[in-house]
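Coordinates as given in model_7.cif (mmCIF, C-alpha atoms):
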data_final
#
loop_
_atom_site.label_atom_id
_atom_site.label_comp_id
_atom_site.auth_asym_id
_atom_site.auth_seq_id
_atom_site.Cartn_x
_atom_site.Cartn_y
_atom_site.Cartn_z
CA MET B 1 136.96 39.58 56.74
CA ASP B 2 133.38 40.83 56.71
CA GLY B 3 132.69 44.46 55.99
CA ARG B 4 134.41 47.14 53.96
CA TRP B 5 138.09 47.96 53.92
CA PHE B 6 139.96 50.84 52.30
CA GLU B 7 139.80 49.42 48.78
CA ASP B 8 136.01 49.10 48.96
CA PHE B 9 135.49 52.88 49.10
CA LYS B 10 135.11 54.66 45.76
CA VAL B 11 134.72 58.39 45.19
CA GLY B 12 131.04 59.16 44.74
CA ASP B 13 129.73 56.25 46.85
CA ARG B 14 126.91 57.27 49.17
CA ILE B 15 126.00 55.89 52.57
CA VAL B 16 122.58 56.77 53.99
CA SER B 17 121.82 56.26 57.68
CA PRO B 18 118.57 55.44 59.43
CA GLY B 19 116.59 58.38 60.77
CA LYS B 20 116.32 59.47 64.41
CA THR B 21 113.60 61.60 65.97
CA LEU B 22 115.08 64.07 68.42
CA THR B 23 112.91 64.47 71.48
CA GLU B 24 112.56 67.54 73.64
CA ALA B 25 113.49 65.44 76.69
CA GLU B 26 116.81 64.28 75.29
CA MET B 27 117.68 67.75 73.99
CA ILE B 28 117.17 69.27 77.44
CA ASP B 29 118.99 66.41 79.14
CA TRP B 30 121.98 66.65 76.80
CA ALA B 31 122.18 70.41 77.25
CA PHE B 32 122.05 70.17 81.02
CA HIS B 33 124.99 67.73 80.98
CA PHE B 34 127.11 69.07 78.15
CA ASP B 35 125.98 72.37 76.62
CA PRO B 36 124.13 74.39 79.25
CA GLN B 37 123.04 77.39 77.22
CA PRO B 38 119.50 78.75 77.73
CA PHE B 39 118.33 78.12 74.15
CA HIS B 40 119.25 74.42 74.55
CA MET B 41 117.68 73.66 77.94
CA ASP B 42 115.28 76.39 79.14
CA LYS B 43 111.98 76.50 77.24
CA VAL B 44 110.98 79.85 78.70
CA ALA B 45 114.28 81.58 77.94
CA ALA B 46 114.45 79.87 74.54
CA LYS B 47 111.04 81.24 73.56
CA ALA B 48 112.26 84.80 74.17
CA HIS B 49 115.53 84.14 72.36
CA MET B 50 116.24 84.74 68.66
CA TYR B 51 115.53 81.08 67.88
CA GLY B 52 111.99 81.33 69.31
CA GLY B 53 112.21 77.98 71.09
CA LEU B 54 114.52 75.14 72.08
CA ILE B 55 117.12 74.00 69.58
CA ALA B 56 119.44 71.01 69.75
CA SER B 57 123.03 71.44 70.91
CA GLY B 58 125.43 71.34 67.99
CA TRP B 59 127.61 68.82 69.81
CA MET B 60 124.58 66.62 70.35
CA LEU B 61 123.78 66.80 66.66
CA GLY B 62 127.38 66.01 65.70
CA THR B 63 127.59 63.08 68.10
CA TYR B 64 124.23 61.67 66.96
CA THR B 65 125.36 62.11 63.36
CA PHE B 66 128.32 59.86 63.95
CA ARG B 67 126.14 57.34 65.79
CA LEU B 68 123.66 57.19 62.92
CA PHE B 69 126.52 56.69 60.47
CA MET B 70 127.95 53.86 62.58
CA MET B 71 124.55 52.16 62.41
CA THR B 72 125.16 51.60 58.69
CA ASN B 73 128.15 49.41 59.61
CA PRO B 74 130.29 51.45 57.21
CA TRP B 75 133.52 49.48 57.59
CA ALA B 76 134.89 46.30 59.11
CA ALA B 77 135.49 46.71 62.85
CA ASP B 78 139.20 46.06 62.36
CA ALA B 79 139.49 48.36 59.33
CA SER B 80 139.15 51.67 61.17
CA LEU B 81 142.33 53.37 62.30
CA GLY B 82 140.45 56.40 63.57
CA SER B 83 140.15 59.93 62.30
CA PRO B 84 142.72 62.73 62.37
CA GLY B 85 139.98 65.34 62.31
CA LEU B 86 137.18 67.36 60.78
CA GLU B 87 136.95 70.32 58.42
CA GLU B 88 134.30 72.99 57.90
CA LEU B 89 131.63 71.77 60.25
CA ARG B 90 128.57 73.99 59.75
CA TRP B 91 125.37 74.12 61.76
CA VAL B 92 123.22 75.29 58.87
CA GLN B 93 119.76 75.38 60.42
CA PRO B 94 118.39 74.99 63.95
CA VAL B 95 117.09 71.51 64.81
CA ARG B 96 114.02 71.51 67.03
CA PRO B 97 112.23 69.02 69.28
CA GLY B 98 110.39 66.46 67.17
CA ASP B 99 112.60 66.87 64.11
CA THR B 100 113.80 63.63 62.51
CA VAL B 101 117.30 63.62 61.07
CA HIS B 102 119.26 61.22 58.91
CA VAL B 103 122.77 61.34 57.55
CA VAL B 104 123.98 61.17 53.96
CA VAL B 105 127.71 60.59 53.56
CA THR B 106 129.40 60.85 50.17
CA ILE B 107 132.91 59.55 49.58
CA ALA B 108 134.81 62.61 48.35
CA ASP B 109 138.34 61.24 48.28
CA ALA B 110 140.07 57.87 48.63
CA ARG B 111 143.82 57.53 48.24
CA PRO B 112 146.46 55.12 49.49
CA SER B 113 148.75 56.33 52.24
CA ARG B 114 152.10 57.48 50.88
CA SER B 115 154.07 56.35 53.87
CA LYS B 116 152.15 53.25 55.05
CA PRO B 117 151.21 50.64 52.46
CA ASP B 118 148.72 48.87 54.75
CA ARG B 119 146.21 51.73 54.77
CA GLY B 120 144.47 54.55 52.93
CA VAL B 121 142.91 57.94 53.63
CA VAL B 122 139.22 58.45 52.89
CA GLY B 123 137.53 61.87 52.79
CA LEU B 124 133.87 61.88 53.75
CA ASP B 125 131.37 64.65 52.95
CA TRP B 126 128.56 64.67 55.50
CA GLN B 127 125.08 66.08 55.19
CA VAL B 128 122.57 65.85 58.01
CA ARG B 129 119.05 66.25 56.70
CA ASP B 130 115.71 66.69 58.43
CA GLN B 131 112.28 65.22 57.68
CA ASN B 132 111.82 67.71 54.82
CA ASP B 133 115.17 66.65 53.36
CA GLU B 134 116.58 70.05 54.21
CA THR B 135 120.23 70.14 55.22
CA VAL B 136 120.72 71.09 58.88
CA MET B 137 124.43 70.31 59.28
CA THR B 138 127.43 69.62 57.05
CA MET B 139 131.05 68.66 57.61
CA ARG B 140 134.03 66.98 55.98
CA SER B 141 135.90 64.29 57.87
CA ILE B 142 139.08 62.33 57.29
CA GLN B 143 139.15 58.61 58.02
CA LEU B 144 142.09 56.23 58.08
CA LEU B 145 141.20 52.72 56.94
CA ARG B 146 143.23 49.55 56.65
CA ARG B 147 143.51 47.65 53.39
CA ARG B 148 142.16 44.15 53.41
CA ALA B 149 144.92 41.83 54.63
CA ARG B 150 146.37 39.68 51.89
CA LEU B 151 146.70 35.99 52.54
CA ASP B 152 149.39 35.35 49.91
CA MET D 1 123.88 92.52 82.62
CA ASP D 2 126.39 90.26 84.33
CA GLY D 3 128.97 88.45 82.27
CA ARG D 4 130.81 89.21 79.07
CA TRP D 5 129.32 90.52 75.84
CA PHE D 6 130.87 90.96 72.42
CA GLU D 7 132.80 94.11 73.27
CA ASP D 8 134.48 92.39 76.23
CA PHE D 9 136.43 89.97 74.01
CA LYS D 10 139.85 91.14 72.85
CA VAL D 11 142.22 89.33 70.49
CA GLY D 12 144.80 87.48 72.56
CA ASP D 13 142.60 87.00 75.64
CA ARG D 14 142.88 83.52 77.11
CA ILE D 15 140.26 81.46 78.91
CA VAL D 16 141.44 78.39 80.85
CA SER D 17 138.95 75.76 81.98
CA PRO D 18 138.99 73.47 84.99
CA GLY D 19 140.43 70.01 84.44
CA LYS D 20 138.47 66.76 84.11
CA THR D 21 139.76 63.24 84.67
CA LEU D 22 138.40 60.88 82.04
CA THR D 23 137.52 57.52 83.52
CA GLU D 24 137.59 54.18 81.77
CA ALA D 25 133.94 53.65 82.75
CA GLU D 26 132.67 56.80 81.08
CA MET D 27 134.78 56.23 77.96
CA ILE D 28 133.29 52.76 77.50
CA ASP D 29 129.78 54.00 78.29
CA TRP D 30 130.03 56.88 75.84
CA ALA D 31 131.36 54.62 73.10
CA PHE D 32 128.60 52.06 73.61
CA HIS D 33 125.99 54.81 73.18
CA PHE D 34 127.54 57.04 70.56
CA ASP D 35 130.77 55.76 68.99
CA PRO D 36 130.78 51.97 69.08
CA GLN D 37 134.21 51.22 67.65
CA PRO D 38 136.31 48.47 69.26
CA PHE D 39 139.17 50.76 70.31
CA HIS D 40 136.70 52.93 72.25
CA MET D 41 134.71 50.25 74.11
CA ASP D 42 136.38 46.81 74.01
CA LYS D 43 139.50 46.52 76.16
CA VAL D 44 140.54 43.20 74.64
CA ALA D 45 140.19 44.34 71.04
CA ALA D 46 141.73 47.72 71.90
CA LYS D 47 144.82 46.05 73.32
CA ALA D 48 145.43 44.24 70.02
CA HIS D 49 144.74 47.40 68.01
CA MET D 50 147.31 49.96 66.86
CA TYR D 51 146.50 52.19 69.86
CA GLY D 52 147.43 49.41 72.31
CA GLY D 53 144.47 50.10 74.60
CA LEU D 54 141.24 52.03 74.98
CA ILE D 55 141.17 55.61 73.75
CA ALA D 56 138.43 58.22 74.18
CA SER D 57 135.95 58.86 71.38
CA GLY D 58 136.75 62.07 69.55
CA TRP D 59 133.13 63.19 69.85
CA MET D 60 133.29 62.61 73.58
CA LEU D 61 136.44 64.70 73.81
CA GLY D 62 134.86 67.47 71.72
CA THR D 63 131.69 67.51 73.76
CA TYR D 64 133.57 67.50 77.07
CA THR D 65 135.79 70.29 75.73
CA PHE D 66 132.78 72.50 75.20
CA ARG D 67 131.39 71.56 78.62
CA LEU D 68 134.66 72.48 80.33
CA PHE D 69 134.72 75.79 78.49
CA MET D 70 131.13 76.55 79.56
CA MET D 71 132.21 75.99 83.17
CA THR D 72 134.31 79.16 82.89
CA ASN D 73 131.07 81.12 82.33
CA PRO D 74 132.64 82.68 79.22
CA TRP D 75 129.78 85.00 78.31
CA ALA D 76 126.48 86.33 79.63
CA ALA D 77 123.69 83.79 79.16
CA ASP D 78 121.81 86.21 76.91
CA ALA D 79 124.91 87.19 74.92
CA SER D 80 125.32 83.94 72.97
CA LEU D 81 123.67 83.74 69.58
CA GLY D 82 125.14 80.31 68.91
CA SER D 83 127.87 79.14 66.57
CA PRO D 84 127.80 78.76 62.80
CA GLY D 85 130.47 76.09 62.95
CA LEU D 86 133.98 74.75 63.44
CA GLU D 87 137.18 74.67 61.41
CA GLU D 88 140.17 72.33 61.43
CA LEU D 89 139.29 70.11 64.34
CA ARG D 90 142.28 67.83 64.96
CA TRP D 91 142.55 64.86 67.28
CA VAL D 92 146.28 65.23 67.82
CA GLN D 93 147.00 62.47 70.32
CA PRO D 94 145.01 59.58 71.80
CA VAL D 95 143.42 60.28 75.20
CA ARG D 96 143.42 57.29 77.54
CA PRO D 97 141.57 56.26 80.70
CA GLY D 98 142.84 58.26 83.66
CA ASP D 99 144.07 61.18 81.61
CA THR D 100 143.08 64.63 82.89
CA VAL D 101 142.31 67.28 80.32
CA HIS D 102 141.71 71.00 80.45
CA VAL D 103 140.92 73.54 77.77
CA VAL D 104 142.79 76.68 76.79
CA VAL D 105 140.87 79.02 74.49
CA THR D 106 142.54 82.02 72.89
CA ILE D 107 140.55 84.80 71.24
CA ALA D 108 141.89 84.86 67.68
CA ASP D 109 139.47 87.30 66.10
CA ALA D 110 136.74 89.72 67.23
CA ARG D 111 134.92 91.92 64.76
CA PRO D 112 131.54 93.63 64.61
CA SER D 113 128.96 92.11 62.30
CA ARG D 114 128.75 94.00 59.00
CA SER D 115 125.04 93.47 58.58
CA LYS D 116 123.74 93.43 62.17
CA PRO D 117 124.87 96.23 64.51
CA ASP D 118 123.68 94.43 67.66
CA ARG D 119 126.30 91.68 67.47
CA GLY D 120 129.84 90.58 66.64
CA VAL D 121 131.73 87.53 65.46
CA VAL D 122 134.41 86.04 67.69
CA GLY D 123 136.95 83.46 66.51
CA LEU D 124 138.16 81.06 69.20
CA ASP D 125 141.32 78.94 69.01
CA TRP D 126 140.96 75.84 71.17
CA GLN D 127 143.64 73.67 72.67
CA VAL D 128 142.81 70.66 74.80
CA ARG D 129 145.78 69.70 76.97
CA ASP D 130 146.46 66.70 79.16
CA GLN D 131 148.07 66.39 82.59
CA ASN D 132 151.53 66.81 81.01
CA ASP D 133 150.36 69.99 79.27
CA GLU D 134 150.60 68.19 75.93
CA THR D 135 148.03 69.15 73.33
CA VAL D 136 145.60 66.33 72.54
CA MET D 137 143.04 68.21 70.43
CA THR D 138 142.76 71.55 68.63
CA MET D 139 140.04 73.38 66.74
CA ARG D 140 138.87 76.81 65.67
CA SER D 141 135.28 77.85 66.32
CA ILE D 142 133.15 80.80 65.36
CA GLN D 143 130.85 82.36 67.95
CA LEU D 144 128.15 85.00 67.50
CA LEU D 145 127.79 87.28 70.51
CA ARG D 146 125.47 90.17 71.24
CA ARG D 147 126.77 93.59 72.15
CA ARG D 148 125.80 94.87 75.55
CA ALA D 149 122.42 96.57 75.27
CA ARG D 150 122.63 100.34 75.54
CA LEU D 151 120.28 102.06 77.93
CA ASP D 152 120.46 105.49 76.29
#
Target encoding C-alpha cells, full file:
Amino acid sequence: MDGRWFEDFKVGDRIVSPGKTLTEAEMIDWAFHFDPQPFHMDKVAAKAHMYGGLIASGWMLGTYTFRLFMMTNPWAADASLGSPGLEELRWVQPVRPGDTVHVVVTIADARPSRSKPDRGVVGLDWQVRDQNDETVMTMRSIQLLRRRARLD
Amino acid sequence: MDGRWFEDFKVGDRIVSPGKTLTEAEMIDWAFHFDPQPFHMDKVAAKAHMYGGLIASGWMLGTYTFRLFMMTNPWAADASLGSPGLEELRWVQPVRPGDTVHVVVTIADARPSRSKPDRGVVGLDWQVRDQNDETVMTMRSIQLLRRRARLD
C-alpha cells in the first residue's frame, strides 16, 4: 500500500517536479511528428515570425508537464482511476530552446465521490515555470483517486 | 497566399480529419515515455484495473488529435499566430488498442481582434470520434489567425 491515496491529498498541498531542459533538437523533432507549424520546426521561418525564433509546441509542453509530474510519484500506482479532463489550459509565454521548466501542482479541491464510496475527486492547479521562475503554462485538471483499501 | 486566413473561417464551418488507427505498440511506447501509469503501459495490470485492459494516454490522444487536424491543412502556414489555450477538455470514453479515431472541428466563433487589426480570434469546437462514430474526446480551443495581407 505504498504511495498516496485519495485521503492523503489535502487542499493547499504542493507537489514540485524535477526540472527538464528543453533542447532545440527535441522541439523540432516533436513538431515534425505532431505539431508541424513553421514556428515550431523551421528556424528560418520562425525567425521571421512574430515569436522571433523557435518555440515549443503547446502539446509538447503539456505532455512533458504531465511526465514531470509523474516523476514525483504523486500517487500509488493502483490509486489512479484516470482523469475526466482539463480546464482553462493557458500557454502564457513562449518556451524556447534551452529553457528549463519544472511543474508546481497545488491541490485545489479534494472531495469524496457522492456516488462511489471507494474513491474521491481531486482538483489540481498546475503551473509550469521556467528557469527564472516565470509561469509559462497553467491549467486545472481533475483526477479520480481510490481511497486506501480497508482491511477490516 | 495559399490556404485559409482569418476571414476564411465562418461560424458553423466543419473540418474533418483523416482517421488514424491506434496500435497497442504505440500506446505502450507513448505511456512508457510520457504517461507511465499501469493502465496505459502494463497489459497485465490494465486487465485487473477498472478499465479491463490498456487504454490510450489522454495526452497521446490530445496530441494525435492536433496532428490529425493539421493534416487537413486548416490554415496558411503564415496565418497561424498560435493558441492562447484550451477550455473544457474531456476524455469522454476510453480509447483502446485497434481503435480508429478521426477529428471533427466546428468553427464556434470568429471575431476580429479588438486591439490588433491584422488578426482575429477563432474558437474551435473539437470532437474526436472512433470507428463507430462515438465521441471519445471533446475540447474547445482558441486560435489566433492573421488576416490576409492586403496589397493595396
Determine, using only C-alpha atoms, which residues of chain D have any atom at most 8 Å from an atom of chain B, and tabulate each with its shortest atom pair and distance in Å to one decimal place, rows ordered by chain and then rising number, as JSON lines.
{"residue": "D:His33", "atom": "CA", "partner": "B:Arg67", "partner_atom": "CA", "distance": 7.8}
{"residue": "D:Phe34", "atom": "CA", "partner": "B:Arg67", "partner_atom": "CA", "distance": 5.0}
{"residue": "D:Asp35", "atom": "CA", "partner": "B:Arg67", "partner_atom": "CA", "distance": 5.8}
{"residue": "D:Pro36", "atom": "CA", "partner": "B:Met70", "partner_atom": "CA", "distance": 7.3}
{"residue": "D:Gln37", "atom": "CA", "partner": "B:Ala77", "partner_atom": "CA", "distance": 6.7}
{"residue": "D:Pro38", "atom": "CA", "partner": "B:Ala77", "partner_atom": "CA", "distance": 6.7}
{"residue": "D:Met50", "atom": "CA", "partner": "B:Leu81", "partner_atom": "CA", "distance": 7.6}
{"residue": "D:Trp59", "atom": "CA", "partner": "B:Thr63", "partner_atom": "CA", "distance": 5.8}
{"residue": "D:Met60", "atom": "CA", "partner": "B:Thr63", "partner_atom": "CA", "distance": 7.9}
{"residue": "D:Gly62", "atom": "CA", "partner": "B:Trp59", "partner_atom": "CA", "distance": 7.6}
{"residue": "D:Thr63", "atom": "CA", "partner": "B:Trp59", "partner_atom": "CA", "distance": 5.8}
{"residue": "D:Tyr64", "atom": "CA", "partner": "B:Phe34", "partner_atom": "CA", "distance": 6.7}
{"residue": "D:Phe66", "atom": "CA", "partner": "B:Asp35", "partner_atom": "CA", "distance": 6.9}
{"residue": "D:Arg67", "atom": "CA", "partner": "B:Phe34", "partner_atom": "CA", "distance": 5.0}
{"residue": "D:Met70", "atom": "CA", "partner": "B:Asp35", "partner_atom": "CA", "distance": 7.3}
{"residue": "D:Ala77", "atom": "CA", "partner": "B:Pro38", "partner_atom": "CA", "distance": 6.7}
{"residue": "D:Asp78", "atom": "CA", "partner": "B:Pro38", "partner_atom": "CA", "distance": 7.9}
{"residue": "D:Leu81", "atom": "CA", "partner": "B:Met50", "partner_atom": "CA", "distance": 7.6}
{"residue": "D:Ser83", "atom": "CA", "partner": "B:Trp91", "partner_atom": "CA", "distance": 7.4}
{"residue": "D:Pro84", "atom": "CA", "partner": "B:Trp91", "partner_atom": "CA", "distance": 5.3}
{"residue": "D:Gly85", "atom": "CA", "partner": "B:Arg90", "partner_atom": "CA", "distance": 4.3}
{"residue": "D:Leu86", "atom": "CA", "partner": "B:Leu89", "partner_atom": "CA", "distance": 5.0}
{"residue": "D:Glu87", "atom": "CA", "partner": "B:Glu88", "partner_atom": "CA", "distance": 4.8}
{"residue": "D:Glu88", "atom": "CA", "partner": "B:Glu87", "partner_atom": "CA", "distance": 4.8}
{"residue": "D:Leu89", "atom": "CA", "partner": "B:Leu86", "partner_atom": "CA", "distance": 5.0}
{"residue": "D:Arg90", "atom": "CA", "partner": "B:Gly85", "partner_atom": "CA", "distance": 4.3}
{"residue": "D:Trp91", "atom": "CA", "partner": "B:Pro84", "partner_atom": "CA", "distance": 5.4}
{"residue": "D:Val92", "atom": "CA", "partner": "B:Pro84", "partner_atom": "CA", "distance": 7.0}
Take the PyMOL selection byres ((chain B and resi 17) around 7), apply it to the structure above, and return the hits as JSON, numbers by chain.
{"B": [15, 16, 18, 19, 68, 69, 71, 72, 102, 103, 104]}
Name the residues that the PyMOL selection byres ((chain B and resi 106) around 10) picks from the file above, as a short mmCIF file (atom, residue, chain, number, x, y, z; two decimals) with C-alpha atoms, in the frame of the given file, using the file's chain letters and numbers.
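Here's the written file selection_29.cif:
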data_model
loop_
_atom_site.label_atom_id
_atom_site.label_comp_id
_atom_site.auth_asym_id
_atom_site.auth_seq_id
_atom_site.Cartn_x
_atom_site.Cartn_y
_atom_site.Cartn_z
CA LYS B 10 135.11 54.66 45.76
CA VAL B 11 134.72 58.39 45.19
CA GLY B 12 131.04 59.16 44.74
CA ASP B 13 129.73 56.25 46.85
CA ARG B 14 126.91 57.27 49.17
CA ILE B 15 126.00 55.89 52.57
CA VAL B 16 122.58 56.77 53.99
CA VAL B 103 122.77 61.34 57.55
CA VAL B 104 123.98 61.17 53.96
CA VAL B 105 127.71 60.59 53.56
CA ILE B 107 132.91 59.55 49.58
CA ALA B 108 134.81 62.61 48.35
CA ASP B 109 138.34 61.24 48.28
CA GLY B 123 137.53 61.87 52.79
CA LEU B 124 133.87 61.88 53.75
CA ASP B 125 131.37 64.65 52.95
CA TRP B 126 128.56 64.67 55.50
CA GLN B 127 125.08 66.08 55.19
CA ARG B 140 134.03 66.98 55.98
#
Quick one, how far is CA of Asp8 (chain D) from CA of His40 (chain B)?
23.6 Å
Taking (143.9, 54.5, 54.7) as a centre in this file's frame and 9 Å as the limit, can you find every polymer residue with an atom that close, using only C-alpha atoms, and give them as a ChimeraX atom specification?
/B:5-7,79-81,110-113,116-122,143-147
What is the CA of Met27 (chain D) to CA of Asp42 (chain D) distance in Å?
10.3 Å
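Pairwise distance (CA of Arg129 (chain D), CA of Thr23 (chain D)) equals 16.1 Å.
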Is there a way to get, as JSON, numbers by chain, all residues within 10 Å of the point (112.5, 71.4, 74.8) in file coordinates, counting all atoms listed in the file?
{"B": [23, 24, 25, 26, 27, 28, 29, 39, 40, 41, 42, 43, 44, 46, 53, 54, 55, 56, 96, 97, 98]}
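Nearest-residue note for Thr21 (chain B): choosing from B:Ser115, B:Gln131, B:Gly3, B:Asn73, the minimum distance belongs to B:Gln131, counting only C-alpha atoms.
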May I have the centre and edge lengths, in Å to one decimal, of an axis-aligned box around the listed atoms of region 137-144 of chain B with 8 Å added to every side, as JSON?
{"center_x": 133.3, "center_y": 63.3, "center_z": 57.6, "size_x": 33.7, "size_y": 30.1, "size_z": 19.3}
